[in-house]
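The structure appears right after this line, and notes come after that.
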Amino acid sequence: MDEQATNVTEYSVSEISGAVKRKIEDDFSFVRVRGELGRVARPASGHLYFDLKDDKSVLAAVCWKGVAKGLAVNPEQGLEVICSGRLTTFPGQSRYQMLVEQMEPAGEGALMALLEARRKKLATEGLFDADRKQPIPYLPEVIGVVTSPSGAVIRDILHRLADRFPRHVLVWPVRVQGQGSDVEVANAINGFNLLDGSEGSTPRPNVIIVARGGGSLEDLWSFNEEVVVRAVAASTIPVISAIGHETDTTLIDFVADQRAPTPTAAAEMAVPVRSELIAHLLDRERRLLQGQQRRLDQAQQMLIGLSRGMKRPQDLWMMNAQRLDNLSQKLSGALSNRLQLARSRFQLSDIRLSPRSFLQDIERSSARIAELQERISARSFQQNLERYSARVAELHGRISPRSVLQNISRYASHTMDLQARLLRGAGAVQQTALSSLQSLARQLDLLSHEAILERGFALVLDPAGKPLRTSEQVKLGDRIDIRLAKQNHLSAEITSQAPASKSTMADKPIAKSAPPPKRPASDRSVNKKSVDDEQGDLF
């Protein structure tokens, strides 16, 4: 036993690891392994680490960064795939692993299972809800198309738009199949949404069409990727999906605002038929004109019927003209009556406000005051006192001297108090009358024609002594009287009745002035100074 152990060759750990590595790589230099993807890790280095498993075993796998970018399938946990590559070992952990160089889905069954699981997940988030969908504009100004620029899809869309209603089309070229195509489609949708449409820049589309031709489930898988679905859900521009043929269904069809069975049908959904729209507008115009004409005919018939029952405008106008004539006649008489009444009131107020009437009122008040003073004078008091003394002497036998003296004293005090009150009342009445007289004198001075003459005016009287208001009241040869301020008078003779103007007023005199006639002193008006002098004499 010891000799046998001594004869066995000794290997180092590295030698054993290297021998195992060479053995495995030589025997398994190319293998195809079918299994379900388990743990999938994507570190910052860009390499891809995952597990291939079945119901009994697990095989570690790694896909280097350069190979991972070109994979036809986006590795996700639970996806059944077929990986091609070779086996190798990792001496640092004493384990073997598979270096994957190619990956493909293991039949449509696996893709359908993954598609259904992803659809349920996104539906749970509410991305497919109908209330999130936006209406497609009826006639968009700009249409954005996300598709391959070299395929037949873009030509079919442009041709169909030109036939129905030509619009401005913006094409965002992308790959529609293969690794990285899903990111390009999502970036194109987001790019259209970032356009602001300002003047001088690229216009912002009113609707986006995402289109691709037909193909297998693997060919259309880019439009089932979550990044594309979320880009369509976040788009503020309405999106029409047109992926594959009518029987093909992708996840973008559930989240898009409108699904078209084919790219050509998407173009038909985007714009109406121009000829049909023109025909529809012409039909609406014709119906509108017919309805308007019928309405005008009905209004005309109604107007004719109403006009039969109306009076002629001439009759209405003549009736109003007759009423106007009657009212104008009444107005003329009413104005004359009103003027006469105002003149009468003014003359009456002039009489009441004359200085003579004021003096007469003052004289009557003074006489009344003198009478009252006489009645309460010392003589009358003495007479009353004598009468009371005689009565007291007569009643002396019945009343005591003390009570008589007391009564006499009270009566004398009462009488003196009455006399003082009467004197104060007479003074107040006299002062009130004086204030009223002064106020009326000031009003008379303001209303007097003498005050108006003091301001530079003149009063012109005809030969009969009546005031002149128009030139028609006199004739040539008449003499007129011109009254000025401070009792000045002028006499003039009418020599011309030509209309007044600046030249005639300055060069041609109308009347010839003469010395004023002498007037008796009794006819002169009493001015304010004479009234004040008389008031001073009275009071």
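Residue numbering restarts at 1 for every chain of the structure tokens, chains are lettered A, B, ... in their displayed order, and ligands are numbered from 1 as they appear.
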Quiz item: Which polymer residues have any atom within 8 Å of an atom of Ile237 in chain A, counting only C-alpha atoms, with same-chain residues fewer than 3 positions away left out, as a list in words?
Solution: Asn193, Pro205, Asn206, Val207 and Ile208 of chain A
Enumerate, in order of chain and increasing residue number, the residues of range 248-339 of chain A with an atom no farther than 10 Å from range 115-123 of chain A, each with its shortest atom pair and distance in Å to one decimal, counting only C-alpha atoms, as JSON lines.
```
{"residue": "A:Thr250", "atom": "CA", "partner": "A:Leu115", "partner_atom": "CA", "distance": 8.7}
{"residue": "A:Leu251", "atom": "CA", "partner": "A:Arg119", "partner_atom": "CA", "distance": 6.8}
{"residue": "A:Phe254", "atom": "CA", "partner": "A:Arg119", "partner_atom": "CA", "distance": 8.9}
{"residue": "A:Val255", "atom": "CA", "partner": "A:Ala123", "partner_atom": "CA", "distance": 9.2}
```
Write a file of the just-selected residues containing C-alpha atoms, as a JSON list (two decimals), in the first residue's frame.
```
[["chain", "number", "residue", "atom", "x", "y", "z"],
["A", 250, "THR", "CA", -47.17, 42.97, -30.64],
["A", 251, "LEU", "CA", -47.25, 44.73, -27.28],
["A", 254, "PHE", "CA", -51.94, 47.41, -26.95],
["A", 255, "VAL", "CA", -50.36, 50.66, -25.77]]
```
Quiz item: What is the distance, in Å and to one decimal place, between CA of Ala130 in chain A and CA of Asn224 in chain A?
Solution: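 For CA of Ala130 in chain A relative to CA of Asn224 in chain A, the distance reads 19.1 Å.
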Quiz item: If we count only C-alpha atoms, what is near Ser241 in chain A at a cut-off of 7 Å, once residues fewer than 6 positions away on the same chain are taken out, given as a list of chain:residue names?
Solution: A:Ile209, A:Val210, A:Ala211, A:Ile252, A:Asp253, A:Ala256, A:Gln258, A:Arg259, A:Ala260
Could you save those same residues with N, CA and C atoms as a PDB file, in the first residue's frame?
```pdb
ATOM      1  N   ILE A 209     -46.551  57.571 -36.734  1.00  0.00           N
ATOM      2  CA  ILE A 209     -46.830  56.220 -37.240  1.00  0.00           C
ATOM      3  C   ILE A 209     -45.579  55.377 -37.035  1.00  0.00           C
ATOM      4  N   VAL A 210     -45.683  54.289 -36.252  1.00  0.00           N
ATOM      5  CA  VAL A 210     -44.593  53.325 -36.073  1.00  0.00           C
ATOM      6  C   VAL A 210     -44.937  52.113 -36.936  1.00  0.00           C
ATOM      7  N   ALA A 211     -44.123  51.888 -37.980  1.00  0.00           N
ATOM      8  CA  ALA A 211     -44.508  50.889 -38.986  1.00  0.00           C
ATOM      9  C   ALA A 211     -43.350  49.926 -39.250  1.00  0.00           C
ATOM     10  N   ILE A 252     -46.775  46.727 -28.609  1.00  0.00           N
ATOM     11  CA  ILE A 252     -46.965  48.132 -28.962  1.00  0.00           C
ATOM     12  C   ILE A 252     -48.376  48.394 -29.457  1.00  0.00           C
ATOM     13  N   ASP A 253     -49.032  47.337 -30.007  1.00  0.00           N
ATOM     14  CA  ASP A 253     -50.418  47.502 -30.460  1.00  0.00           C
ATOM     15  C   ASP A 253     -51.363  47.761 -29.295  1.00  0.00           C
ATOM     16  N   ALA A 256     -50.533  51.603 -28.037  1.00  0.00           N
ATOM     17  CA  ALA A 256     -50.688  52.690 -29.005  1.00  0.00           C
ATOM     18  C   ALA A 256     -52.098  53.264 -28.935  1.00  0.00           C
ATOM     19  N   GLN A 258     -53.888  54.074 -31.509  1.00  0.00           N
ATOM     20  CA  GLN A 258     -54.679  53.470 -32.577  1.00  0.00           C
ATOM     21  C   GLN A 258     -53.845  52.351 -33.206  1.00  0.00           C
ATOM     22  N   ARG A 259     -54.460  51.202 -33.479  1.00  0.00           N
ATOM     23  CA  ARG A 259     -53.761  50.083 -34.123  1.00  0.00           C
ATOM     24  C   ARG A 259     -54.253  49.937 -35.542  1.00  0.00           C
ATOM     25  N   ALA A 260     -53.282  49.851 -36.470  1.00  0.00           N
ATOM     26  CA  ALA A 260     -53.604  49.649 -37.879  1.00  0.00           C
ATOM     27  C   ALA A 260     -53.174  48.246 -38.285  1.00  0.00           C
TER      28      ALA A 260
END
```
Practice problem: May I have the residues within 9 Å of Arg274 in chain A as a list in words, using only C-alpha atoms and disregarding those fewer than 6 positions away in the same chain? | Solution: Asp163, Arg164, Phe165 and Pro166 of chain A
Exercise. Please identify which residues in range 120-333 of chain A DSSP calls alpha helix (DSSP H) from the backbone, and express them as JSON, numbers by chain.
Key: {"A": [120, 121, 122, 123, 124, 152, 153, 154, 155, 156, 157, 158, 159, 160, 161, 162, 163, 164, 181, 182, 183, 184, 185, 186, 187, 188, 189, 190, 191, 192, 193, 194, 226, 227, 228, 229, 230, 231, 232, 233, 234, 251, 252, 253, 254, 255, 263, 264, 265, 266, 267, 268, 269, 270, 274, 275, 276, 277, 278, 279, 280, 281, 282, 283, 284, 285, 286, 287, 288, 289, 290, 291, 292, 293, 294, 295, 296, 297, 298, 299, 300, 301, 302, 303, 304, 305, 306, 307, 308, 313, 314, 315, 316, 317, 318, 319, 320, 321, 322, 323, 324, 325, 326, 327, 328, 329, 330, 331, 332, 333]}
Exercise. Compile the contact shell of Asp54 in chain A as JSON, numbers by chain: residues with an atom at most 7 Å away, counting only C-alpha atoms, same-chain residues fewer than 4 positions apart removed.
Key: {"A": [35, 36, 58]}
Quiz prompt | Neighbour list for Pro105 in chain A as a PyMOL selection string, cut-off 7 Å, only C-alpha atoms, skip fewer than 3 positions in-chain | solution = chain A and resi 73+80-82+110-111
